[in-house]
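Okay, data11.txt is below, compact mmCIF, C-alpha atoms and all ligand atoms:
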```
# COMPACT_ATOMS: atom_id res chain seq x y z
CA MET P 1 1.63 -4.13 16.32
CA SER P 2 4.99 -3.32 17.89
CA ALA P 3 5.79 0.38 18.25
CA PRO P 4 6.59 1.53 14.71
CA ALA P 5 9.56 3.71 13.98
CA PHE P 6 7.01 6.09 12.43
CA PRO P 7 7.58 8.03 10.32
CA ASP P 8 11.05 7.06 9.13
CA THR P 9 10.70 3.50 7.81
CA ALA P 10 11.10 3.11 4.05
CA ALA P 11 7.76 1.32 3.88
CA TYR P 12 5.94 4.11 5.69
CA LEU P 13 7.50 6.68 3.38
CA GLN P 14 6.38 4.55 0.41
CA SER P 15 2.81 4.62 1.70
CA LEU P 16 2.87 8.42 1.50
CA ASP P 17 3.32 8.20 -2.29
CA CYS P 18 -0.28 7.01 -2.69
CA VAL P 19 -2.44 9.91 -3.85
CA HIS P 20 -5.69 7.92 -3.53
CA CYS P 21 -6.49 8.26 -7.24
CA GLY P 22 -8.04 4.78 -7.34
CA LEU P 23 -6.60 3.86 -10.76
CA CYS P 24 -5.40 0.55 -9.29
CA ILE P 25 -8.74 -0.56 -7.92
CA GLU P 26 -10.25 -2.34 -10.92
CA HIS P 27 -6.98 -4.26 -11.40
CA CYS P 28 -7.14 -5.81 -7.94
CA PRO P 29 -8.36 -9.43 -7.85
CA THR P 30 -9.53 -9.30 -4.24
CA TYR P 31 -11.55 -6.17 -4.96
CA ARG P 32 -13.19 -7.95 -7.88
CA LEU P 33 -14.11 -10.78 -5.54
CA THR P 34 -15.34 -8.70 -2.61
CA GLY P 35 -16.16 -5.19 -3.84
CA ARG P 36 -14.80 -3.80 -0.56
CA GLU P 37 -12.75 -0.60 -0.45
CA THR P 38 -10.60 -2.10 2.29
CA ALA P 39 -9.83 -5.12 0.07
CA ASN P 40 -8.34 -3.00 -2.71
CA PRO P 41 -4.86 -1.42 -2.95
CA ARG P 42 -5.94 2.13 -2.12
CA GLY P 43 -7.88 0.95 0.92
CA ARG P 44 -5.04 -1.29 2.06
CA VAL P 45 -2.46 1.47 1.74
CA SER P 46 -4.76 3.71 3.82
CA LEU P 47 -5.07 0.97 6.46
CA MET P 48 -1.31 0.42 6.61
CA ARG P 49 -0.59 4.13 6.78
CA ALA P 50 -3.10 4.50 9.61
CA LEU P 51 -1.37 1.64 11.43
CA TYR P 52 2.04 3.27 11.01
CA GLU P 53 0.65 6.55 12.30
CA ARG P 54 -1.10 4.77 15.16
CA ARG P 55 -4.46 6.19 14.22
CA ILE P 56 -5.94 2.69 14.27
CA THR P 57 -4.99 -0.59 15.93
CA ALA P 58 -4.57 -3.95 14.24
CA THR P 59 -8.02 -5.40 14.87
CA PRO P 60 -8.78 -8.87 13.46
CA ALA P 61 -10.82 -7.19 10.70
CA VAL P 62 -7.86 -5.02 9.66
CA GLU P 63 -5.50 -7.99 9.73
CA ARG P 64 -7.95 -10.03 7.65
CA GLU P 65 -8.10 -7.42 4.89
CA LEU P 66 -4.31 -7.19 4.71
CA ASP P 67 -3.95 -10.96 4.87
CA LEU P 68 -6.37 -11.39 1.97
CA CYS P 69 -3.97 -9.61 -0.39
CA LEU P 70 -2.30 -11.94 -2.89
CA VAL P 71 0.77 -9.69 -3.32
CA CYS P 72 0.17 -10.17 -7.04
CA ARG P 73 1.48 -6.62 -7.71
CA ALA P 74 -1.19 -5.87 -10.34
CA CYS P 75 -1.72 -2.61 -8.45
CA GLU P 76 1.94 -1.67 -8.96
CA SER P 77 1.58 -2.05 -12.75
CA ALA P 78 -1.49 0.20 -12.69
CA CYS P 79 -0.22 2.86 -10.28
CA PRO P 80 0.91 6.13 -11.93
CA SER P 81 2.59 7.24 -8.70
CA GLY P 82 4.92 4.24 -8.54
CA VAL P 83 3.72 3.05 -5.14
CA ARG P 84 5.70 -0.10 -4.25
CA PHE P 85 2.77 -1.86 -2.67
CA ALA P 86 4.49 -5.22 -2.10
CA GLU P 87 7.24 -3.62 -0.03
CA ILE P 88 4.77 -1.79 2.20
CA LEU P 89 2.75 -4.94 2.70
CA ALA P 90 5.81 -7.10 3.45
CA ASP P 91 6.88 -4.65 6.14
CA THR P 92 3.40 -4.48 7.65
CA ARG P 93 3.01 -8.25 7.56
CA ALA P 94 6.32 -8.65 9.35
CA ARG P 95 4.94 -6.50 12.16
CA LEU P 96 1.52 -8.14 12.33
CA ARG P 97 1.74 -11.74 11.26
CA ARG P 98 2.06 -14.41 13.92
CA ARG P 99 3.71 -17.22 12.03
CA GLY P 100 2.81 -20.57 13.59
CA ALA P 101 5.27 -23.34 14.40
CA LEU P 102 4.31 -25.49 11.37
CA ARG P 103 4.70 -22.54 9.04
CA ARG P 104 8.07 -21.55 10.49
CA TRP P 105 9.29 -25.14 10.34
CA LEU P 106 8.19 -25.58 6.72
CA PHE P 107 9.82 -22.35 5.62
CA SER P 108 13.04 -23.21 7.44
CA ARG P 109 13.26 -26.40 5.30
CA LEU P 110 13.66 -24.22 2.21
CA GLU P 111 16.96 -22.81 3.40
CA SER P 112 19.05 -25.94 3.08
CA ARG P 113 19.19 -28.33 0.15
CA ARG P 114 19.88 -31.24 2.50
CA ARG P 115 16.85 -30.48 4.69
CA LEU P 116 14.67 -29.85 1.67
CA HIS P 117 15.53 -33.15 0.04
CA GLY P 118 15.09 -34.89 3.41
CA LEU P 119 11.56 -33.48 3.63
CA ALA P 120 10.87 -34.46 0.00
CA SER P 121 11.94 -38.06 0.70
CA LEU P 122 9.70 -38.20 3.78
CA LEU P 123 6.73 -36.83 1.84
CA ARG P 124 7.32 -39.27 -0.99
CA LEU P 125 7.39 -42.14 1.49
CA ALA P 126 4.15 -40.89 3.11
CA GLN P 127 2.51 -40.59 -0.32
CA GLY P 128 3.66 -44.11 -1.22
CA LEU P 129 2.20 -45.54 2.02
CA GLY P 130 -1.13 -43.80 1.48
CA LEU P 131 -0.64 -41.55 4.53
CA ALA P 132 -1.09 -38.43 2.43
CA ALA P 133 -4.55 -39.62 1.41
CA LEU P 134 -5.43 -40.02 5.12
CA ALA P 135 -3.99 -36.62 5.97
CA ARG P 136 -6.20 -35.04 3.30
CA ARG P 137 -9.19 -35.89 5.47
CA LEU P 138 -7.86 -33.89 8.41
CA PRO P 139 -9.50 -30.54 9.01
CA GLY P 140 -7.67 -27.24 8.67
CA ARG P 141 -4.34 -26.38 7.20
CA ILE P 142 -2.72 -29.83 7.47
CA GLY P 143 -5.57 -31.36 5.47
CA ARG P 144 -5.28 -28.62 2.86
CA LEU P 145 -1.51 -28.96 2.75
CA ALA P 146 -1.84 -32.71 2.10
CA ALA P 147 -4.49 -32.10 -0.57
CA TYR P 148 -2.40 -29.47 -2.32
CA ALA P 149 0.97 -31.29 -2.10
CA PRO P 150 1.83 -32.57 -5.59
CA PRO P 151 3.30 -36.06 -6.08
CA ILE P 152 6.96 -35.86 -5.08
CA PRO P 153 9.18 -37.12 -7.92
CA PRO P 154 11.53 -40.04 -7.18
CA ARG P 155 15.09 -39.23 -6.12
CA ARG P 156 16.54 -39.86 -9.61
CA ALA P 157 14.17 -37.25 -11.08
CA ARG P 158 15.26 -34.79 -8.37
CA ARG P 159 18.92 -35.06 -9.21
CA PRO P 160 20.53 -31.63 -9.57
CA LEU P 161 21.70 -30.17 -12.84
CA PRO P 162 25.23 -31.07 -13.88
CA ALA P 163 27.61 -28.45 -12.49
CA ARG P 164 28.37 -27.48 -16.10
CA THR P 165 26.43 -28.05 -19.31
CA PRO P 166 28.57 -27.32 -22.38
CA ALA P 167 27.40 -24.97 -25.12
CA GLN P 168 26.41 -26.50 -28.46
CA GLY P 169 27.88 -25.10 -31.63
CA GLU P 170 29.53 -21.72 -31.42
CA HIS P 171 30.34 -20.80 -27.79
CA ARG P 172 28.69 -17.44 -27.16
CA GLY P 173 29.21 -17.05 -23.43
CA ARG P 174 28.58 -18.45 -19.97
CA VAL P 175 25.43 -18.16 -17.87
CA ALA P 176 24.38 -19.48 -14.45
CA LEU P 177 20.97 -21.06 -13.90
CA LEU P 178 19.43 -20.42 -10.46
CA GLU P 179 18.26 -23.81 -9.17
CA GLY P 180 16.36 -22.53 -6.11
CA CYS P 181 14.39 -24.53 -3.57
CA VAL P 182 10.92 -25.68 -4.71
CA MET P 183 12.00 -25.75 -8.36
CA SER P 184 14.90 -28.06 -7.57
CA ILE P 185 12.54 -30.63 -5.98
CA LEU P 186 9.38 -30.48 -8.04
CA PHE P 187 10.66 -29.09 -11.34
CA ALA P 188 14.19 -30.42 -11.75
CA GLU P 189 13.06 -31.54 -15.22
CA THR P 190 12.25 -27.92 -16.09
CA HIS P 191 15.79 -26.97 -15.07
CA ARG P 192 17.18 -29.59 -17.44
CA ASP P 193 14.91 -28.33 -20.22
CA THR P 194 15.98 -24.72 -19.61
CA ALA P 195 19.65 -25.74 -19.64
CA ARG P 196 19.07 -27.58 -22.94
CA LEU P 197 17.59 -24.45 -24.49
CA LEU P 198 20.44 -22.26 -23.24
CA ALA P 199 23.05 -24.76 -24.44
CA ALA P 200 21.35 -25.05 -27.84
CA ALA P 201 21.51 -21.26 -28.09
CA GLY P 202 25.29 -21.46 -27.65
CA TYR P 203 25.67 -20.80 -23.92
CA GLU P 204 27.61 -22.84 -21.42
CA VAL P 205 25.37 -23.30 -18.35
CA LEU P 206 26.69 -23.38 -14.79
CA ALA P 207 24.31 -24.66 -12.10
CA LEU P 208 23.95 -22.24 -9.20
CA ARG P 209 23.00 -24.76 -6.53
CA GLU P 210 23.77 -23.02 -3.25
CA PRO P 211 22.25 -21.28 -1.42
CA ALA P 212 19.11 -23.32 -1.97
CA CYS P 213 16.60 -20.49 -1.52
CA CYS P 214 16.73 -16.83 -2.59
CA GLY P 215 14.22 -15.72 0.08
CA ALA P 216 11.36 -14.77 -2.27
CA LEU P 217 8.85 -16.99 -0.49
CA HIS P 218 9.89 -15.65 2.92
CA GLU P 219 9.39 -12.07 1.76
CA HIS P 220 5.98 -12.99 0.41
CA ASP P 221 5.13 -14.61 3.73
CA GLY P 222 6.05 -11.60 5.86
CA ASP P 223 9.50 -12.63 7.04
CA PRO P 224 11.72 -9.97 5.44
CA ALA P 225 14.65 -10.53 7.83
CA THR P 226 15.12 -14.14 6.66
CA ALA P 227 14.38 -13.11 3.07
CA ARG P 228 17.18 -10.54 3.13
CA ARG P 229 19.62 -12.91 4.83
CA LEU P 230 19.06 -15.51 2.08
CA LEU P 231 19.29 -12.90 -0.66
CA ALA P 232 22.60 -11.65 0.79
CA GLN P 233 23.92 -15.24 0.75
CA LEU P 234 22.93 -15.60 -2.89
CA ALA P 235 24.53 -12.27 -3.82
CA ALA P 236 27.75 -13.33 -2.08
CA ALA P 237 27.79 -16.61 -3.99
CA VAL P 238 27.72 -15.09 -7.48
CA ASP P 239 30.81 -12.94 -7.76
CA ASP P 240 32.14 -14.44 -11.03
CA PRO P 241 32.39 -11.50 -13.49
CA GLY P 242 32.69 -13.92 -16.43
CA ILE P 243 29.04 -14.92 -16.11
CA LEU P 244 26.94 -13.05 -18.63
CA ALA P 245 23.61 -13.54 -16.83
CA PHE P 246 21.99 -15.29 -13.88
CA VAL P 247 19.02 -16.96 -15.49
CA SER P 248 15.86 -17.69 -13.55
CA ASN P 249 12.97 -19.86 -14.72
CA SER P 250 10.80 -19.16 -11.67
CA ALA P 251 8.95 -15.84 -12.06
CA GLY P 252 8.69 -15.22 -8.30
CA CYS P 253 12.38 -15.88 -7.63
CA GLY P 254 13.39 -13.80 -10.65
CA ALA P 255 11.30 -10.80 -9.59
CA TRP P 256 12.75 -10.85 -6.08
CA THR P 257 16.34 -11.40 -7.21
CA ARG P 258 16.21 -8.75 -9.92
CA GLU P 259 15.17 -6.22 -7.28
CA ALA P 260 18.00 -7.23 -4.92
CA ALA P 261 19.43 -3.69 -4.83
CA ARG P 262 16.13 -2.38 -3.45
CA HIS P 263 16.36 -4.74 -0.53
CA LEU P 264 20.08 -4.71 0.26
CA SER P 265 22.35 -1.75 -0.20
CA THR P 266 25.47 -3.67 -1.18
CA GLU P 267 27.47 -3.79 -4.40
CA ALA P 268 26.99 -7.56 -4.53
CA ALA P 269 23.20 -7.13 -4.46
CA GLU P 270 23.31 -4.49 -7.17
CA ASP P 271 25.44 -6.79 -9.31
CA LEU P 272 23.13 -9.76 -8.73
CA GLY P 273 20.02 -7.73 -9.58
CA SER P 274 21.49 -6.17 -12.69
CA ARG P 275 22.63 -9.52 -14.13
CA THR P 276 19.52 -11.60 -13.32
CA LEU P 277 17.08 -12.23 -16.17
CA ASP P 278 14.08 -14.41 -16.79
CA TRP P 279 15.01 -17.30 -19.12
CA SER P 280 12.54 -16.00 -21.73
CA ARG P 281 14.01 -12.49 -21.84
CA PHE P 282 17.53 -13.89 -22.05
CA LEU P 283 16.67 -16.20 -24.94
CA LEU P 284 14.66 -13.57 -26.77
CA GLY P 285 17.80 -11.46 -26.90
CA HIS P 286 20.39 -14.22 -27.17
CA GLY P 287 18.57 -17.20 -28.67
CA GLY P 288 18.99 -16.43 -32.37
CA ALA P 289 20.58 -19.86 -32.91
CA LEU P 290 17.53 -21.76 -31.63
CA ARG P 291 15.58 -23.76 -34.24
CA PHE P 292 12.27 -25.45 -33.53
CA ARG P 293 10.33 -28.23 -35.25
CA GLN P 294 7.00 -27.66 -36.97
CA GLU P 295 4.14 -27.98 -34.48
CA SER P 296 0.43 -27.67 -35.16
CA ALA P 297 -0.85 -27.56 -31.54
CA LEU P 298 -3.04 -24.84 -30.04
CA VAL P 299 -1.58 -23.70 -26.71
CA ALA P 300 -2.76 -21.11 -24.19
CA TYR P 301 -0.32 -18.90 -22.34
CA ASP P 302 -1.00 -17.45 -18.89
CA ALA P 303 1.40 -14.90 -17.44
CA PRO P 304 2.60 -15.42 -13.85
CA CYS P 305 2.00 -12.23 -11.83
CA HIS P 306 5.62 -11.98 -10.79
CA LEU P 307 6.70 -12.05 -14.42
CA HIS P 308 3.96 -9.78 -15.78
CA HIS P 309 3.77 -7.30 -12.89
CA GLY P 310 6.87 -8.04 -10.81
CA GLN P 311 9.31 -8.05 -13.74
CA ARG P 312 7.06 -6.17 -16.23
CA GLU P 313 7.90 -8.88 -18.73
CA THR P 314 4.83 -8.96 -20.94
CA ARG P 315 6.26 -10.11 -24.26
CA ALA P 316 9.20 -12.47 -24.15
CA PRO P 317 7.53 -15.88 -23.52
CA GLU P 318 4.94 -15.39 -26.26
CA GLU P 319 7.48 -14.00 -28.73
CA LEU P 320 9.68 -17.04 -28.16
CA LEU P 321 6.71 -19.36 -28.62
CA ALA P 322 5.89 -17.55 -31.87
CA ARG P 323 9.19 -18.86 -33.23
CA VAL P 324 7.84 -22.43 -33.31
CA PRO P 325 6.61 -22.87 -36.89
CA GLY P 326 2.89 -23.58 -37.09
CA LEU P 327 2.24 -23.22 -33.35
CA ARG P 328 -0.92 -21.32 -32.48
CA VAL P 329 -0.76 -19.43 -29.16
CA VAL P 330 -3.85 -17.94 -27.55
CA PRO P 331 -3.29 -15.50 -24.70
CA LEU P 332 -5.94 -16.09 -22.05
CA PRO P 333 -8.27 -13.15 -21.45
CA GLY P 334 -7.47 -11.85 -17.97
CA THR P 335 -3.89 -13.13 -18.19
CA GLU P 336 -2.84 -10.20 -15.99
CA LEU P 337 -5.05 -11.48 -13.16
CA CYS P 338 -3.67 -13.80 -10.48
CA CYS P 339 -4.55 -17.52 -10.67
CA GLY P 340 -4.80 -17.66 -6.88
CA ALA P 341 -1.57 -19.56 -6.21
CA ALA P 342 0.37 -16.62 -4.71
CA GLY P 343 2.91 -18.45 -2.55
CA VAL P 344 0.84 -20.41 -0.03
CA TYR P 345 -2.30 -18.29 -0.52
CA ASN P 346 -4.19 -21.35 -1.71
CA LEU P 347 -3.57 -22.92 1.70
CA ASP P 348 -4.42 -19.78 3.69
CA HIS P 349 -7.44 -18.70 1.63
CA PRO P 350 -8.68 -21.77 -0.25
CA GLU P 351 -12.07 -20.31 -1.10
CA GLU P 352 -10.81 -17.06 -2.63
CA SER P 353 -7.99 -18.93 -4.35
CA SER P 354 -10.47 -21.36 -5.96
CA ARG P 355 -12.79 -18.58 -7.06
CA LEU P 356 -9.95 -16.79 -8.81
CA LEU P 357 -8.78 -19.97 -10.47
CA ASP P 358 -12.34 -20.81 -11.56
CA LEU P 359 -12.54 -17.55 -13.52
CA LYS P 360 -9.39 -18.50 -15.38
CA LEU P 361 -10.39 -22.14 -15.86
CA ASP P 362 -13.54 -20.92 -17.64
CA GLU P 363 -11.34 -18.98 -20.06
CA LEU P 364 -9.01 -21.93 -20.53
CA ALA P 365 -11.88 -24.31 -21.26
CA ALA P 366 -13.32 -21.84 -23.79
CA SER P 367 -9.96 -21.36 -25.54
CA GLY P 368 -9.91 -24.85 -27.03
CA ALA P 369 -6.21 -25.20 -26.16
CA GLY P 370 -4.84 -28.62 -25.31
CA ILE P 371 -1.82 -27.25 -23.42
CA LEU P 372 -1.54 -24.42 -20.91
CA LEU P 373 1.87 -22.80 -20.49
CA THR P 374 2.92 -20.71 -17.51
CA GLY P 375 6.37 -20.02 -16.06
CA ASN P 376 6.18 -20.20 -12.27
CA PRO P 377 6.17 -23.34 -10.09
CA GLY P 378 3.29 -22.24 -7.81
CA CYS P 379 1.15 -21.29 -10.83
CA ILE P 380 1.85 -24.62 -12.54
CA LEU P 381 0.74 -26.53 -9.43
CA GLN P 382 -2.35 -24.35 -9.03
CA TRP P 383 -3.38 -24.77 -12.67
CA ARG P 384 -2.76 -28.52 -12.58
CA ALA P 385 -4.95 -28.87 -9.48
CA GLY P 386 -7.74 -26.89 -11.18
CA VAL P 387 -7.54 -28.75 -14.49
CA ARG P 388 -7.66 -32.06 -12.58
CA ARG P 389 -10.63 -30.93 -10.47
CA ARG P 390 -12.58 -29.97 -13.61
CA GLY P 391 -11.49 -33.03 -15.59
CA LEU P 392 -10.36 -30.82 -18.49
CA GLY P 393 -7.63 -33.14 -19.77
CA ILE P 394 -5.29 -30.22 -20.53
CA SER P 395 -1.53 -30.49 -19.93
CA VAL P 396 0.03 -27.72 -17.85
CA LEU P 397 3.70 -27.10 -18.62
CA HIS P 398 6.45 -24.59 -18.13
CA PRO P 399 7.04 -22.84 -21.51
CA ALA P 400 10.76 -23.72 -21.31
CA SER P 401 9.85 -27.43 -21.16
CA PHE P 402 7.48 -27.04 -24.08
CA LEU P 403 10.10 -25.27 -26.20
CA ALA P 404 12.88 -27.72 -25.27
CA SER P 405 10.68 -30.61 -26.41
CA ARG P 406 10.27 -28.90 -29.81
CA LEU P 407 13.97 -28.19 -30.40
CA GLU P 408 15.28 -29.31 -33.75
CA SER P 409 17.70 -32.13 -33.11
S1 LIG P 501 -1.11 -6.95 -4.60
FE1 LIG P 501 -2.82 -7.75 -5.84
S2 LIG P 501 -4.37 -8.44 -4.35
FE2 LIG P 501 -2.92 -7.12 -3.24
S3 LIG P 501 -3.83 -5.09 -3.31
FE3 LIG P 501 -2.43 -5.21 -5.08
S4 LIG P 501 -3.72 -5.91 -6.77
FE4 LIG P 501 -4.86 -6.31 -4.88
S1 LIG P 502 -3.05 3.84 -8.23
FE1 LIG P 502 -1.34 4.18 -6.79
S2 LIG P 502 -1.65 6.28 -6.07
FE2 LIG P 502 -3.57 5.65 -7.00
S3 LIG P 502 -4.76 4.79 -5.30
FE3 LIG P 502 -3.70 3.07 -6.23
S4 LIG P 502 -1.80 2.89 -5.01
FE4 LIG P 502 -2.66 4.94 -4.60
```

Please rewrite the model in this file as C-alpha cells.
Amino acid sequence: MSAPAFPDTAAYLQSLDCVHCGLCIEHCPTYRLTGRETANPRGRVSLMRALYERRITATPAVERELDLCLVCRACESACPSGVRFAEILADTRARLRRRGALRRWLFSRLESRRRLHGLASLLRLAQGLGLAALARRLPGRIGRLAAYAPPIPPRRARRPLPARTPAQGEHRGRVALLEGCVMSILFAETHRDTARLLAAAGYEVLALREPACCGALHEHDGDPATARRLLAQLAAAVDDPGILAFVSNSAGCGAWTREAARHLSTEAAEDLGSRTLDWSRFLLGHGGALRFRQESALVAYDAPCHLHHGQRETRAPEELLARVPGLRVVPLPGTELCCGAAGVYNLDHPEESSRLLDLKLDELAASGAGILLTGNPGCILQWRAGVRRRGLGISVLHPASFLASRLES
C-alpha cells in the first residue's frame, strides 16, 4: 500500500464512524457464505482502518478479504451510524488493487461510444465464427469472460435512441434518458421501452448519449480517479435547466450519478445528482397518465442492490407493477441480498457468485413465477445465466420492458 495520507483522507475519516456494533453483519452476503469476521462489514472496516493507520500491512489474506466484498451496500442500509462503506472500500481498493492489462483495456473501452461499439462488433463476429465457444474452454479469466459474455445483438438492435422522442397526449415536461455504456450495447431495447413509457406518460424524452460512461463501474472496480473524471464529464454535459429529470434505468449508474455531489464538489455535480432519478421513481410520481392492459401472469421481482441499498428505492418498481390490472407480483424472499453479479464479481469470484445466485434461484423456482423482473443490466445477465444453467424456462426482463409491453395502445 502506498504511504497513506493518514489520517486526513475522507475515507479514513469515514472508517472512524464505525462503532463496531455489528448490526450490519447478518445482512452481509459474504459473511453468510463464509462465517468469517473478516468477511463482514465490521471486520472489513477494521482491516481498512488498520491499513490506513499502518498497524497492519496488506498481506494476500487481507487483500483477499477486501476483494471478496461485493460492494452490494447492504451494510450501509443496516448501519445506524451511517458508515459509507462503499466509499471506504473504493478508496482502499484504489490503493491496493493491481489492475491487469486486460482489465484496464476492457474498462477503457467503456469510455468511448465508438470504441465500445467497435468492441461489440468484434465480439459479435467472434461469436458468429464460433471463436467464443473455443475461448470458453480456456482456463482462467478469459475463459470465464467468454462464458459469461451474452450474445451481442446485431448492429440494428444496438442503434441509439432517437435524439428526441415526442410526448404523447398532453405535454407535461422534458426529461433526459441516460444511455450509458453497457446498457447502450446490450439493452438498447430497454432504452426504447423506457422512452415509450416516459412518452406515454406525457414526457418528451431527450437521449443523453455522450459521455458514454458515467464511471460507476470504474468506481466499483477501484479506479476512483477515472470514475470521477467520467462523472465530471457527464455533469458538464447536462446543463440544460429545462430538463425536469435525468432518468436512469440502470440501478448501478443511477446510484452513482445521484450521489455525484459526494464525489465531486462542483455545482454541476450537485445539479446532476439532485435531478437524477430511477425511471421507476420518476414514473411513480409522474406517470398518472399511464394505462396498462389486463394481464394474468405471475411475475417475481428481485431488487438490484444499487436500487434497494444504493438508492434506498424499495417501493417504486413494485408499486408501478401493481398498476397492471390482474398482474400478480411475488417479491422474492431475500430480495435485499445480492445475486452475485456485482460489476465483474462473477468473473473474479465465480464460485461465491454462483453460490449466492443459487440461493436466489431456489426461491425463484419455488415462487412459481414465469417471469423474473429486475432493473440492472448486470443482474439481468446474471439471472439469465442462472436460469439457463438450471433449465428453469423463466424469462428475465427489465421491469420497464415488461411494463412497456403491457401499455394500452
Ligand atoms: S458491501 Fe455487501 S458484501 Fe461488502 S461488506 Fe457490505 S454487505 Fe458485505
Ligand atoms: S452497523 Fe455500521 S457501525 Fe455497526 S459495525 Fe456495521 S459498519 Fe460499524

**Asked** Any idea what's packed within 9 Å of Leu397 of chain P, counting all atoms listed in the file, ignoring anything in its chain fewer than 2 positions away? Could you give it as a ChimeraX atom specification?
**Response** /P:190,371-375,380,384,395,399-402

Sorted by chain and rising residue number, which residues of chain P lie within 8 Å of ligand LIG 501 (chain P), and what are their closest atom pairs and distances in Å to one decimal, counting all atoms listed in the file, as a tab-separated table?
```
residue	atom	partner	partner_atom	distance
P:Cys24	CA	P:LIG501	S4	7.1
P:Ile25	CA	P:LIG501	S4	7.4
P:His27	CA	P:LIG501	S4	5.9
P:Cys28	CA	P:LIG501	S4	3.6
P:Pro29	CA	P:LIG501	S2	5.4
P:Thr30	CA	P:LIG501	S2	5.2
P:Tyr31	CA	P:LIG501	FE4	6.7
P:Ala39	CA	P:LIG501	S3	6.9
P:Asn40	CA	P:LIG501	S3	5.0
P:Pro41	CA	P:LIG501	S3	3.8
P:Arg42	CA	P:LIG501	S3	7.6
P:Arg44	CA	P:LIG501	S3	6.7
P:Leu68	CA	P:LIG501	S2	7.3
P:Cys69	CA	P:LIG501	FE2	3.9
P:Leu70	CA	P:LIG501	S2	4.3
P:Val71	CA	P:LIG501	S1	3.6
P:Cys72	CA	P:LIG501	FE1	4.0
P:Arg73	CA	P:LIG501	S1	4.1
P:Ala74	CA	P:LIG501	S4	4.4
P:Cys75	CA	P:LIG501	S4	4.2
P:Glu76	CA	P:LIG501	FE3	6.8
P:Phe85	CA	P:LIG501	FE3	6.6
P:Ala86	CA	P:LIG501	S1	6.4
P:Cys338	CA	P:LIG501	FE1	7.7
```

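Those protein and nucleic acid residues that have any atom within 6 Å of ligand LIG 502 (chain P) are, using all atoms listed in the file, P:Cys18, P:Val19, P:His20, P:Cys21, P:Gly22, P:Leu23, P:Cys24, P:Pro41, P:Arg42, P:Ala78, P:Cys79, P:Pro80, P:Ser81, P:Val83.
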
Would you mind exporting the chosen residues as a compact mmCIF listing (two decimals), keeping the file's coordinate frame, restricted to C-alpha atoms?
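So out_0.txt came out as:
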```txt
# COMPACT_ATOMS: atom_id res chain seq x y z
CA CYS P 18 -0.28 7.01 -2.69
CA VAL P 19 -2.44 9.91 -3.85
CA HIS P 20 -5.69 7.92 -3.53
CA CYS P 21 -6.49 8.26 -7.24
CA GLY P 22 -8.04 4.78 -7.34
CA LEU P 23 -6.60 3.86 -10.76
CA CYS P 24 -5.40 0.55 -9.29
CA PRO P 41 -4.86 -1.42 -2.95
CA ARG P 42 -5.94 2.13 -2.12
CA ALA P 78 -1.49 0.20 -12.69
CA CYS P 79 -0.22 2.86 -10.28
CA PRO P 80 0.91 6.13 -11.93
CA SER P 81 2.59 7.24 -8.70
CA VAL P 83 3.72 3.05 -5.14
```

**Request:** Fewer than 5 positions away in the same chain doesn't count, so skip those; otherwise give me all residues within 10 Å of Pro153 of chain P, counting only C-alpha atoms, as a PyMOL selection string.
**Result:** chain P and resi 120-121+124+158+185-189

**Message:** At a cut-off of 9 Å around the point (20.5, -33.0, -6.5) (file coordinates), what residues fall inside when counting only C-alpha atoms? I'd like the answer as a ChimeraX atom specification.
**Reply:** /P:113,117,155-162,184-185,188,209

**Message:** List the spatial neighbours of Ala176 of chain P as an NGL selection string - criterion: any atom at most 8 Å away, only C-alpha atoms, same-chain residues fewer than 5 positions off excluded.
**Reply:** :P and (205-208 or 243 or 245-247)

Writer output for current selection, C-alpha atoms, as an mmCIF file, in the frame of the given file:
```cif
data_model
loop_
_atom_site.group_PDB
_atom_site.id
_atom_site.type_symbol
_atom_site.label_atom_id
_atom_site.label_comp_id
_atom_site.auth_asym_id
_atom_site.auth_seq_id
_atom_site.Cartn_x
_atom_site.Cartn_y
_atom_site.Cartn_z
ATOM 1 C CA VAL P 205 25.370 -23.300 -18.350
ATOM 2 C CA LEU P 206 26.690 -23.380 -14.790
ATOM 3 C CA ALA P 207 24.310 -24.660 -12.100
ATOM 4 C CA LEU P 208 23.950 -22.240 -9.200
ATOM 5 C CA ILE P 243 29.040 -14.920 -16.110
ATOM 6 C CA ALA P 245 23.610 -13.540 -16.830
ATOM 7 C CA PHE P 246 21.990 -15.290 -13.880
ATOM 8 C CA VAL P 247 19.020 -16.960 -15.490
#
```

**Item:** 12 Å contact set for segment 350-352 of chain P, all atoms listed in the file, chain neighbours under 3 positions out, as a PyMOL selection string
**Value:** chain P and resi 29-34+67-70+140-141+143-145+147-148+338-342+344-347+355-359+382

**Request:** Enter the distance from atom CA of Leu272 of chain P to atom CA of Cys214 of chain P, in Å, rounded to one decimal.
**Result:** 11.3 Å

**Message:** Ranking P:Arg136, P:Glu87, P:Leu13, P:Ala251 by minimum distance to Tyr52 of chain P and counting all atoms listed in the file, which one comes first?
**Reply:** P:Leu13

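Of note, atom CA of Ile394 of chain P and atom CA of Pro317 of chain P are spaced 19.5 Å apart.
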
**Fill in**
Computed gap from atom CA of Glu318 of chain P to atom CA of His171 of chain P is 26.0 Å

Please identify all polymer residues within 9 Å of Val330 of chain P, counting all atoms listed in the file, omitting same-chain residues fewer than 5 positions from it, and present them as a compact mmCIF listing (two decimals) with C-alpha atoms, in the coordinates of the input.
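Contents of result_32.txt, as written:
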```txt
# COMPACT_ATOMS: atom_id res chain seq x y z
CA LEU P 298 -3.04 -24.84 -30.04
CA VAL P 299 -1.58 -23.70 -26.71
CA ALA P 300 -2.76 -21.11 -24.19
CA TYR P 301 -0.32 -18.90 -22.34
CA SER P 367 -9.96 -21.36 -25.54
CA ALA P 369 -6.21 -25.20 -26.16
```

**Prompt:** Please, which residues are within 9 Å of (24.8, -22.6, -32.8) by the file's coordinates, counting all atoms listed in the file, and could they come as a ChimeraX atom specification?
**Reply:** /P:167-172,199-202,288-290

Grab the residues selected above and save them as a tab-separated table (two decimals), in the frame of the given file with C-alpha atoms.
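Okay, this is what ended up in out_28.tsv:
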```tsv
chain	number	residue	atom	x	y	z
P	167	ALA	CA	27.40	-24.97	-25.12
P	168	GLN	CA	26.41	-26.50	-28.46
P	169	GLY	CA	27.88	-25.10	-31.63
P	170	GLU	CA	29.53	-21.72	-31.42
P	171	HIS	CA	30.34	-20.80	-27.79
P	172	ARG	CA	28.69	-17.44	-27.16
P	199	ALA	CA	23.05	-24.76	-24.44
P	200	ALA	CA	21.35	-25.05	-27.84
P	201	ALA	CA	21.51	-21.26	-28.09
P	202	GLY	CA	25.29	-21.46	-27.65
P	288	GLY	CA	18.99	-16.43	-32.37
P	289	ALA	CA	20.58	-19.86	-32.91
P	290	LEU	CA	17.53	-21.76	-31.63
```
